[in-house]
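Dumped final23.txt below, it's compact mmCIF, C-alpha atoms:
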# COMPACT_ATOMS: atom_id res chain seq x y z
CA MET A 420 -5.53 40.31 2.68
CA PRO A 421 -7.94 38.26 0.59
CA SER A 422 -9.99 39.64 -2.25
CA ARG A 423 -13.78 39.32 -2.30
CA ARG A 424 -15.86 38.39 -5.32
CA ALA A 425 -19.21 39.98 -6.14
CA ASP A 426 -21.05 36.98 -4.65
CA GLY A 427 -19.22 37.45 -1.34
CA THR A 428 -16.77 34.59 -1.84
CA LEU A 429 -13.40 35.22 -0.23
CA VAL A 430 -10.31 34.46 -2.33
CA PHE A 431 -7.02 33.69 -0.57
CA LYS A 432 -3.64 33.14 -2.20
CA ILE A 433 -1.48 30.20 -1.06
CA VAL A 434 2.06 29.84 -2.44
CA TYR A 435 4.16 26.68 -2.39
CA TYR A 436 7.79 27.80 -2.01
CA GLY A 437 11.08 25.95 -1.78
CA PRO A 438 14.10 24.72 -3.73
CA SER A 439 14.01 22.99 -7.07
CA LEU A 440 12.76 19.38 -7.06
CA ALA A 441 11.62 19.53 -3.42
CA GLY A 442 8.07 18.40 -4.28
CA LYS A 443 6.06 21.59 -4.84
CA THR A 444 4.54 20.53 -8.16
CA THR A 445 3.99 16.97 -6.94
CA SER A 446 2.09 18.33 -3.92
CA ILE A 447 -0.17 20.52 -6.06
CA ASN A 448 -0.75 17.65 -8.48
CA TRP A 449 -1.82 15.48 -5.53
CA LEU A 450 -4.31 18.12 -4.35
CA TYR A 451 -5.64 18.51 -7.88
CA GLU A 452 -5.96 14.84 -8.78
CA LYS A 453 -6.77 13.15 -5.47
CA GLU A 454 -8.42 15.50 -2.98
CA GLY A 455 -11.56 16.64 -4.81
CA ILE A 456 -11.16 20.33 -3.96
CA ALA A 457 -10.03 21.63 -7.36
CA VAL A 458 -12.17 24.03 -9.36
CA GLY A 459 -11.31 24.21 -13.06
CA GLU A 460 -8.02 23.15 -14.57
CA LEU A 461 -4.49 22.91 -13.24
CA THR A 462 -2.20 25.25 -15.17
CA SER A 463 1.47 24.34 -15.38
CA VAL A 464 3.79 26.71 -17.22
CA LYS A 465 6.97 24.83 -18.00
CA GLY A 466 10.44 26.33 -18.22
CA GLY A 467 13.27 25.75 -20.63
CA THR A 468 15.82 22.99 -20.87
CA ASP A 469 19.38 22.75 -19.70
CA ALA A 470 22.29 22.52 -22.14
CA LYS A 471 21.66 18.78 -22.66
CA GLY A 472 17.95 19.30 -23.36
CA ASP A 473 16.84 17.95 -19.98
CA MET A 474 13.84 19.97 -18.76
CA SER A 475 13.65 18.18 -15.41
CA LYS A 476 16.80 19.92 -14.22
CA ILE A 477 15.28 23.36 -14.81
CA GLY A 478 11.67 22.62 -13.92
CA GLY A 479 8.61 24.74 -14.57
CA PHE A 480 8.02 28.43 -14.15
CA PHE A 481 4.97 27.87 -11.95
CA ASP A 482 1.85 25.80 -11.33
CA ARG A 483 -1.54 27.30 -10.56
CA MET A 484 -4.87 25.86 -9.51
CA THR A 485 -8.00 27.01 -7.76
CA ALA A 486 -9.53 25.09 -4.87
CA ARG A 487 -12.78 25.62 -3.04
CA ILE A 488 -13.56 24.74 0.55
CA GLY A 489 -17.05 25.89 1.52
CA LYS A 490 -17.45 29.59 0.63
CA VAL A 491 -13.70 30.10 0.41
CA ASN A 492 -11.76 30.03 -2.85
CA LEU A 493 -8.02 29.41 -2.79
CA GLN A 494 -5.65 30.45 -5.54
CA ILE A 495 -2.78 27.97 -5.20
CA TRP A 496 0.58 28.72 -6.81
CA SER A 497 3.98 27.06 -6.86
CA VAL A 498 7.16 28.94 -7.61
CA ALA A 499 10.00 27.80 -9.85
CA GLY A 500 12.73 26.56 -7.54
CA HIS A 501 15.61 26.99 -9.98
CA LYS A 502 17.95 29.85 -9.05
CA ALA A 503 17.50 31.57 -12.43
CA HIS A 504 13.83 32.31 -11.64
CA LYS A 505 14.38 34.51 -8.58
CA ASP A 506 12.51 37.51 -10.03
CA LEU A 507 9.51 35.36 -10.95
CA ARG A 508 9.35 34.00 -7.40
CA LYS A 509 9.25 37.52 -6.03
CA VAL A 510 6.37 38.44 -8.36
CA ILE A 511 4.36 35.32 -7.44
CA LEU A 512 4.70 36.16 -3.73
CA GLN A 513 2.86 39.47 -4.19
CA GLY A 514 -0.43 39.41 -2.31
CA VAL A 515 0.28 36.04 -0.66
CA ASP A 516 -1.94 35.09 2.30
CA GLY A 517 -0.23 31.83 3.27
CA ILE A 518 2.99 30.00 2.42
CA ILE A 519 3.73 26.29 2.32
CA PHE A 520 7.50 25.89 2.25
CA VAL A 521 8.41 22.51 0.78
CA TRP A 522 11.66 21.48 2.47
CA ASP A 523 13.46 18.54 0.85
CA ALA A 524 14.39 16.23 3.75
CA GLN A 525 17.33 14.64 1.91
CA ARG A 526 20.61 15.55 3.60
CA GLY A 527 22.40 16.22 0.31
CA VAL A 528 20.21 19.25 -0.47
CA TRP A 529 20.39 20.91 2.95
CA LYS A 530 22.18 23.95 1.50
CA ASP A 531 19.53 24.41 -1.22
CA ASN A 532 16.79 24.47 1.44
CA ILE A 533 18.67 27.04 3.53
CA GLU A 534 19.28 29.26 0.49
CA SER A 535 15.61 29.11 -0.44
CA LEU A 536 14.47 29.94 3.09
CA ASN A 537 16.94 32.84 3.28
CA GLU A 538 15.64 34.15 -0.04
CA LEU A 539 12.06 34.00 1.26
CA ILE A 540 13.09 35.90 4.39
CA ASN A 541 14.90 38.52 2.26
CA PHE A 542 11.87 38.96 -0.01
CA LEU A 543 9.31 39.37 2.77
CA HIS A 544 11.38 40.68 5.70
CA ARG A 545 9.19 41.30 8.75
CA LYS A 546 6.03 40.60 6.75
CA LEU A 547 6.94 36.90 6.92
CA LEU A 548 6.14 37.02 10.64
CA GLU A 549 2.56 38.00 9.78
CA ILE A 550 1.95 35.42 7.03
CA PRO A 551 0.89 31.92 8.07
CA LEU A 552 3.72 29.52 7.24
CA VAL A 553 3.69 25.73 7.09
CA ILE A 554 6.87 23.75 6.47
CA MET A 555 6.35 20.51 4.56
CA LEU A 556 9.29 18.31 5.51
CA ASN A 557 8.93 16.39 2.27
CA LYS A 558 10.47 13.02 1.40
CA SER A 559 10.64 12.33 5.13
CA ASP A 560 9.73 8.70 4.39
CA LEU A 561 13.13 8.13 2.77
CA PRO A 562 16.00 6.64 4.80
CA GLY A 563 18.70 8.88 6.27
CA THR A 564 16.78 12.14 6.04
CA ILE A 565 16.85 15.10 8.38
CA ARG A 566 14.26 15.31 11.12
CA ARG A 567 11.71 17.80 12.37
CA GLN A 568 14.06 19.10 15.10
CA ASN A 569 16.68 20.05 12.49
CA ILE A 570 14.12 22.33 10.84
CA GLN A 571 12.85 23.69 14.15
CA ASP A 572 16.40 24.70 15.09
CA ILE A 573 16.76 26.61 11.80
CA LEU A 574 13.41 28.37 12.22
CA THR A 575 14.27 29.36 15.79
CA LYS A 576 17.65 30.72 14.71
CA ALA A 577 16.04 32.67 11.84
CA LYS A 578 13.26 33.93 14.20
CA VAL A 579 10.62 32.52 11.87
CA LYS A 580 7.50 30.72 13.09
CA GLY A 581 5.96 27.90 11.14
CA GLU A 582 4.25 24.59 11.76
CA ILE A 583 6.18 21.56 10.49
CA VAL A 584 4.38 18.64 8.82
CA GLU A 585 6.31 15.54 7.72
CA THR A 586 5.15 14.56 4.23
CA SER A 587 5.73 12.40 1.20
CA ALA A 588 4.23 14.18 -1.79
CA ILE A 589 4.82 11.26 -4.13
CA ASN A 590 2.33 9.08 -2.22
CA GLY A 591 0.26 11.88 -0.69
CA LEU A 592 1.27 11.28 2.94
CA ASN A 593 0.11 14.36 4.91
CA VAL A 594 -0.04 16.55 1.77
CA ARG A 595 -3.66 17.46 2.52
CA LYS A 596 -2.85 17.89 6.21
CA ALA A 597 -0.15 20.47 5.41
CA PHE A 598 -2.51 22.28 3.04
CA ASP A 599 -5.40 22.29 5.53
CA THR A 600 -3.09 23.51 8.29
CA CYS A 601 -2.07 26.49 6.17
CA VAL A 602 -5.64 27.27 5.06
CA ARG A 603 -6.92 27.08 8.64
CA SER A 604 -4.22 29.52 9.79
CA VAL A 605 -4.97 31.91 6.91
CA ILE A 606 -8.71 31.97 7.66
CA THR A 607 -8.13 32.29 11.42
CA LYS A 608 -5.83 35.26 10.83
CA TYR A 609 -8.43 36.90 8.59
CA LEU A 610 -11.22 36.42 11.13
CA ASP A 611 -9.02 37.72 13.96
CA GLN A 612 -8.31 40.89 11.94
CA LYS A 613 -12.04 41.39 11.38
CA LYS A 614 -12.77 41.51 15.12

Rewrite the coordinates I just gave you, this time as structure tokens.
Amino acid sequence: MPSRRADGTLVFKIVYYGPSLAGKTTSINWLYEKEGIAVGELTSVKGGTDAKGDMSKIGGFFDRMTARIGKVNLQIWSVAGHKAHKDLRKVILQGVDGIIFVWDAQRGVWKDNIESLNELINFLHRKLLEIPLVIMLNKSDLPGTIRRQNIQDILTKAKVKGEIVETSAINGLNVRKAFDTCVRSVITKYLDQKK
């Protein structure tokens, strides 16, 4: 359920979820830099380094930005995809109104995507059925990637509903479309509950 500011502005929380290096941070950076909806600064809290000093293998703890569309404010978060940050992911999901699951379309990381989706299901249980969910099938522009039907089969088997949008976060293909789809579902759900 969104919060409401003193001026009547509704504030919804959208979380980008998914495995490490799937494109969560790249998607939020695209929204921040290219789409003209950001309010204030983008905050990125970076994680540590691996044993060789390479931070890219661990990634950040989270990214956070605020966007405004009309009289609606959106708190946008990404979670750290690395397995060591499981507890932080659970905390960031608290109070979530909509989820954009960034699924890496490369075949070699299929297992990572499944593990991340299973974790999300375990965290939210039946509540996941009530939260608008969009699946960004990211990197779908690369050769030899999985297709939309592969994801649909997994969602059906897991009894999870979500709209699938094929994206390429690196060049912005459908990044805004996936975001708008999630926001529209979140607002529609809120208005339906108000009736």

(message) From the options A:Ile533, A:Asp599, A:Arg526, A:Glu454, which residue's atoms come nearest to Pro562 of chain A, counting all atoms listed in the file?
(response)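 Checking each of A:Ile533, A:Asp599, A:Arg526, A:Glu454 against Pro562 of chain A, counting all atoms listed in the file, the winner is A:Arg526.
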
Kindly provide the residues of segment 484-556 of chain A that approach segment 437-442 of chain A to within 7 Å, each paired with its closest atom pair and their distance in Å to one decimal, based on all atoms listed in the file, listed by chain and increasing number, as a Markdown table.
| residue | atom | partner | partner_atom | distance |
| --- | --- | --- | --- | --- |
| A:Ala499 | CA | A:Ser439 | CA | 6.9 |
| A:Gly500 | CA | A:Ser439 | CA | 3.8 |
| A:His501 | CA | A:Ser439 | CA | 5.2 |
| A:Phe520 | CA | A:Gly437 | CA | 5.4 |
| A:Val521 | CA | A:Gly437 | CA | 5.1 |
| A:Trp522 | CA | A:Gly437 | CA | 6.2 |
| A:Asp523 | CA | A:Ala441 | CA | 4.8 |
| A:Asp531 | CA | A:Pro438 | CA | 6.0 |
| A:Asn532 | CA | A:Pro438 | CA | 5.8 |
| A:Ser535 | CA | A:Gly437 | CA | 5.7 |

(request) Please measure the separation of atom CA of Ile518 of chain A and atom CA of Val579 of chain A, giving the value in Å to one decimal. (result)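 Distance between the two atoms: 12.4 Å.
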
(request) Please provide the set of residues having any atom within 12 Å of Glu582 of chain A, restricted to all atoms listed in the file, with same-chain residues fewer than 2 positions apart removed, written as a PyMOL selection string. (result) chain A and resi 518-521+551-556+567-568+570-571+574-575+579-580+584-585+596-601+603-604

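When the distance limit is 12 Å and all atoms listed in the file are what count, the residues near Lys578 of chain A, minus those fewer than 6 positions from it on the same chain, are Leu536, Asn537, Ile540, His544, Arg545, Leu547, Leu548, Gln571 and Asp572 of chain A.
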
(request) Point out the residue among A:Trp496, A:Phe542, A:Trp529, A:Trp449 with the least atom-to-atom distance to Asp516 of chain A, counting only C-alpha atoms. (result)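 Ranked by minimum distance to Asp516 of chain A, first place goes to A:Trp496.
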
(message) Between A:Lys546, A:Ile573, A:His504, A:Ile495, which residue has the minimum interatomic distance to Lys530 of chain A, considering only C-alpha atoms?
(response)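 Nearest candidate to Lys530 of chain A out of A:Lys546, A:Ile573, A:His504, A:Ile495: A:Ile573.
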
(request) Can you work out which one of A:Lys558, A:Ile550, A:Asp482, A:Tyr451 has the shortest atom-to-atom distance to Lys608 of chain A, counting all atoms listed in the file? (result)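 Using all atoms listed in the file, the shortest distance to Lys608 of chain A belongs to A:Ile550.
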
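Between Met484 of chain A and the candidates A:Ala503, A:Val498, A:Ile456, A:Leu461, the tightest atom-to-atom separation, counting only C-alpha atoms, involves A:Leu461.
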